[in-house]
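A short worksheet on the structure shown next.
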Amino acid sequence: MFRDFLKHIFPRIVLQRNLRITYTFCLGGLAFTSFLLLIASGLLLLFYYQPAPERAFQSILFLEESVWGGRYLRSLHRLSSHLFLVLIFLHTLRVILTGAYRKPREVNLVIGFSLLCITIFDAYTGYLLPLDQLSLWATQTGMELVGTTFLGTPVRGILVPDGVGQPISLLRFYILHIVLLPLSVLSLSGLHFYRIRKDRGLLPYL
Amino acid sequence: MAKTGQSRRRFLVALAFLATGFFFLARFLKPVAKSKKTLLTVAAKEIPSNGALVYREARVAVIRKSGKISAVSLVCTHLGCTVSATPEQLVCPCHGSSFDWQGAVIKGPADRPLPLYRVEERDGRIAVLL
């Protein structure tokens with residue numbers, strides 16, 4: 001069943017020269033793999049992280065000190081997130097430099113760009129969660145910046161209703177980070193892959 | 001049987017991987033918290049002679065009887081409710097087990113005595129040790 005699923009992702013006929021790694025460096029695929037890693041490591045982190053301001057930092061310390069594989073898991077999650085962002089940027093660069101956004105792939109470019117924005121926001125909300133000094137002040141400055149944009153004040157009021165690092169705001173960032181944004185990434189990725197197949201795969205002339 | 005193959009071998013290998021995976025998952029899910037050694041401390045002179053101090057939240061009673069100080073756990077050995085203290089005995093409100101003040105079972109569904117904690121005298125304070 002899994003083999004059939006994997007097989008259906010590829011078109012019936014694939015030119016052998018299109019399978020060269022230097023064709024696309026498989027950047028998009030690597031990005032999606034790191035996203036799957038993030039989901040897996042995030043699921044395990046869920047068992048120990050506590051989304052309350054007075055317990056968040058302590059729970060991370062506990063995870064690192066007293067849990068088998070805790071330090072490794074946290075590093076894995078963090079590094080996969082860095083890798084994910086780098087790979088998505090490189091993938092966007094490749095798409096632009098090879099002209100893979102032209103007709104009929106404009107819709108996919110828009111989907112891909114939304115994925116980029118949602119991913120960055122996901123990484124941003126995740127950054128706050130350990131509530132250490134770096135996280136808190138990064139979020140504080142970020143939210144100030146948000147407040148200066150157009151419609152910034154209501155957006156800021158929704159994101160951090162009671163101030164950065166307070167209970168409701170932390171919980172809101174937590175919900176965004178583990179439910180809403182990953183679900184959006186997953187559904188948009190599905191759409192992204194569907195569009196690739198619909199546009200009959202990669203460009204044939206690279 | 002048209003299908004040749006290694007389906008049995010693959011099944012066993014998959015089983016082995018799953019078993020190892022679950023073993024390590026179980027280790028991940030059981031943290032080893034460094035437990036503190038002292039449950040609580042109390043000034044020695046606060047313990048009444050021929051009486052006891054009952055700590056409901058810490059679930060321990062510190063007793064002084066004929067000069068000797070001891071500490072008995074208030075966790076019922078039946079299913080874990082906190083036993084209630086009366087002058088003669090300790091009674092569990094959940095299923096009716098009763099223990100004497102040394103922890104021995106008088107009656108009830110419980111069949112193991114209440115555990116006793118070690119106590120240590122430190123500078124006029126009594127420490128109840130886990």
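For the structure tokens, the naming scheme is as follows: chains receive sequential letters (A, B, ...) according to their order of presentation, residues are indexed from 1 within each chain, and ligands are indexed from 1 in presentation order.
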
Show me, as an MDAnalysis selection string, the residues of chain B whose atoms get within 12 Å of chain A, using only C-alpha atoms for the distance check. chainID B and resid 23:35

Output for the residues just chosen: N, CA and C atoms as a JSON list (two decimals), in the first residue's frame:
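The result, stored in result08.json:
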[["chain", "number", "residue", "atom", "x", "y", "z"],
["B", 23, "PHE", "N", 10.87, 0.17, 22.51],
["B", 23, "PHE", "CA", 11.71, 0.14, 23.71],
["B", 23, "PHE", "C", 12.29, 1.52, 23.99],
["B", 24, "PHE", "N", 12.84, 2.16, 22.93],
["B", 24, "PHE", "CA", 13.44, 3.47, 23.16],
["B", 24, "PHE", "C", 12.40, 4.54, 23.43],
["B", 25, "LEU", "N", 11.22, 4.39, 22.82],
["B", 25, "LEU", "CA", 10.14, 5.34, 23.10],
["B", 25, "LEU", "C", 9.75, 5.26, 24.57],
["B", 26, "ALA", "N", 9.71, 4.03, 25.10],
["B", 26, "ALA", "CA", 9.37, 3.86, 26.51],
["B", 26, "ALA", "C", 10.41, 4.52, 27.40],
["B", 27, "ARG", "N", 11.70, 4.40, 27.03],
["B", 27, "ARG", "CA", 12.73, 5.05, 27.84],
["B", 27, "ARG", "C", 12.57, 6.57, 27.79],
["B", 28, "PHE", "N", 12.22, 7.08, 26.61],
["B", 28, "PHE", "CA", 12.03, 8.53, 26.48],
["B", 28, "PHE", "C", 10.87, 9.00, 27.36],
["B", 29, "LEU", "N", 9.81, 8.16, 27.46],
["B", 29, "LEU", "CA", 8.61, 8.59, 28.16],
["B", 29, "LEU", "C", 8.71, 8.44, 29.67],
["B", 30, "LYS", "N", 9.84, 7.89, 30.19],
["B", 30, "LYS", "CA", 9.95, 7.71, 31.63],
["B", 30, "LYS", "C", 11.12, 8.52, 32.15],
["B", 31, "PRO", "N", 10.86, 9.79, 32.54],
["B", 31, "PRO", "CA", 11.98, 10.61, 33.00],
["B", 31, "PRO", "C", 12.43, 10.19, 34.38],
["B", 32, "VAL", "N", 13.72, 10.39, 34.65],
["B", 32, "VAL", "CA", 14.26, 10.05, 35.97],
["B", 32, "VAL", "C", 14.48, 11.35, 36.70],
["B", 33, "ALA", "N", 13.46, 11.79, 37.44],
["B", 33, "ALA", "CA", 13.61, 13.05, 38.16],
["B", 33, "ALA", "C", 14.50, 12.83, 39.36],
["B", 34, "LYS", "N", 15.42, 13.79, 39.57],
["B", 34, "LYS", "CA", 16.25, 13.68, 40.77],
["B", 34, "LYS", "C", 15.36, 14.03, 41.97],
["B", 35, "SER", "N", 15.04, 13.02, 42.80],
["B", 35, "SER", "CA", 14.09, 13.30, 43.88],
["B", 35, "SER", "C", 14.82, 13.90, 45.05]]

Which of stretch 22-121 of chain B counts as alpha helix (DSSP H) under DSSP, as a list of chain:residue names please? B:Phe22, B:Phe23, B:Phe24, B:Leu25, B:Ala26, B:Arg27, B:Phe28, B:Leu29

Put those residues in a file: N, CA and C atoms, as a CSV table (one decimal), in the first residue's frame.
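Output below, filename again.csv:
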chain,number,residue,atom,x,y,z
B,22,PHE,N,9.9,0.9,20.0
B,22,PHE,CA,9.0,1.0,21.2
B,22,PHE,C,9.8,1.0,22.5
B,23,PHE,N,10.9,0.2,22.5
B,23,PHE,CA,11.7,0.1,23.7
B,23,PHE,C,12.3,1.5,24.0
B,24,PHE,N,12.8,2.2,22.9
B,24,PHE,CA,13.4,3.5,23.2
B,24,PHE,C,12.4,4.5,23.4
B,25,LEU,N,11.2,4.4,22.8
B,25,LEU,CA,10.1,5.3,23.1
B,25,LEU,C,9.8,5.3,24.6
B,26,ALA,N,9.7,4.0,25.1
B,26,ALA,CA,9.4,3.9,26.5
B,26,ALA,C,10.4,4.5,27.4
B,27,ARG,N,11.7,4.4,27.0
B,27,ARG,CA,12.7,5.1,27.8
B,27,ARG,C,12.6,6.6,27.8
B,28,PHE,N,12.2,7.1,26.6
B,28,PHE,CA,12.0,8.5,26.5
B,28,PHE,C,10.9,9.0,27.4
B,29,LEU,N,9.8,8.2,27.5
B,29,LEU,CA,8.6,8.6,28.2
B,29,LEU,C,8.7,8.4,29.7

Extract, using only C-alpha atoms, all DNA, RNA and protein residues at most 7 Å from B:Val83, discarding same-chain residues fewer than 6 positions from it, and format them as a VMD selection string. chain B and resid 74 to 76 90 to 93

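Closest to B:Tyr55 among B:Leu79, B:Ala85, B:Gln6, B:Asp123 is B:Ala85, based on only C-alpha atoms.
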
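As for atom CA of A:Ile111 and atom CA of A:Ser184, they are spaced 11.2 Å apart.
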
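Minimum atom-to-atom distances from A:Arg17, A:Leu186, A:Ser41, A:Tyr23 to A:Tyr72 were compared using only C-alpha atoms, and the lowest value belongs to A:Ser41.
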
Which neighbours of B:Asn50 fall inside 7 Å, counting only C-alpha atoms, when residues of the same chain fewer than 4 positions from it are skipped, and could you give them as a PDB file with C-alpha atoms, in the first residue's frame?
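selection.pdb was written with the following content:
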ATOM      1  CA  ARG B  64       5.988  11.322  69.337  1.00  0.00           C
ATOM      2  CA  LYS B  65       5.255   8.331  71.582  1.00  0.00           C
ATOM      3  CA  SER B  66       7.087   7.751  74.882  1.00  0.00           C
TER       4      SER B  66
END

Which residues are near A:His177? Cut-off 7 Å, only C-alpha atoms, ignore same chain within fewer than 3 positions. Put them as an MDAnalysis selection string. chainID A and resid 122 125:126 173:174 180:182

Residue selection dump (C-alpha atoms) as an mmCIF file, in the first residue's frame:
data_model
loop_
_atom_site.group_PDB
_atom_site.id
_atom_site.type_symbol
_atom_site.label_atom_id
_atom_site.label_comp_id
_atom_site.auth_asym_id
_atom_site.auth_seq_id
_atom_site.Cartn_x
_atom_site.Cartn_y
_atom_site.Cartn_z
ATOM 1 C CA ASP A 122 5.541 28.950 12.447
ATOM 2 C CA THR A 125 5.881 31.250 17.191
ATOM 3 C CA GLY A 126 7.965 28.226 18.072
ATOM 4 C CA PHE A 173 1.488 31.152 20.292
ATOM 5 C CA TYR A 174 1.477 27.505 21.371
ATOM 6 C CA LEU A 180 -3.044 25.911 13.194
ATOM 7 C CA LEU A 181 0.168 26.602 11.326
ATOM 8 C CA PRO A 182 1.290 22.973 10.817
#

Give me the residues near stretch 51-54 of chain B as a CSV table (one decimal) with C-alpha atoms, in the first residue's frame, where near means some atom within 6 Å (using only C-alpha atoms) and where sequence neighbours in that chain fewer than 6 positions away do not count.
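That gives us result-v2.csv:
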chain,number,residue,atom,x,y,z
B,61,ALA,CA,2.1,12.0,60.2
B,62,VAL,CA,5.0,12.8,62.6
B,63,ILE,CA,4.4,11.0,65.9
B,64,ARG,CA,6.0,11.3,69.3

Computed interatomic separation between atom CA of B:Glu88 and atom CA of B:Thr41 (Å): 24.9 Å

Surrounding residues of B:Asp111 excluding itself and chain neighbours under 3 positions, 8 Å, only C-alpha atoms, as a VMD selection string: chain B and resid 77 to 78 105 108

Keeping only C-alpha atoms, take the residues you just selected and write them out as an mmCIF file, in the first residue's frame.
data_model
loop_
_atom_site.group_PDB
_atom_site.id
_atom_site.type_symbol
_atom_site.label_atom_id
_atom_site.label_comp_id
_atom_site.auth_asym_id
_atom_site.auth_seq_id
_atom_site.Cartn_x
_atom_site.Cartn_y
_atom_site.Cartn_z
ATOM 1 C CA THR B 77 -1.901 0.601 50.919
ATOM 2 C CA HIS B 78 -5.159 -0.554 49.347
ATOM 3 C CA VAL B 105 -3.544 -3.158 59.551
ATOM 4 C CA GLY B 108 -10.238 -3.552 55.867
#

Pick out the closest residue to A:Leu79 from this set: A:Ala138, A:Leu37, A:Leu45, A:Leu61. Count only C-alpha atoms. A:Leu37

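Atom CA of A:Gly112 to atom CA of A:His192 spans 6.9 Å [interatomic distance, one decimal].
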
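Proximity of B:Thr38, B:Asp100, B:Gly67, B:Phe11 to B:Pro113, computed with only C-alpha atoms, is greatest for B:Asp100.
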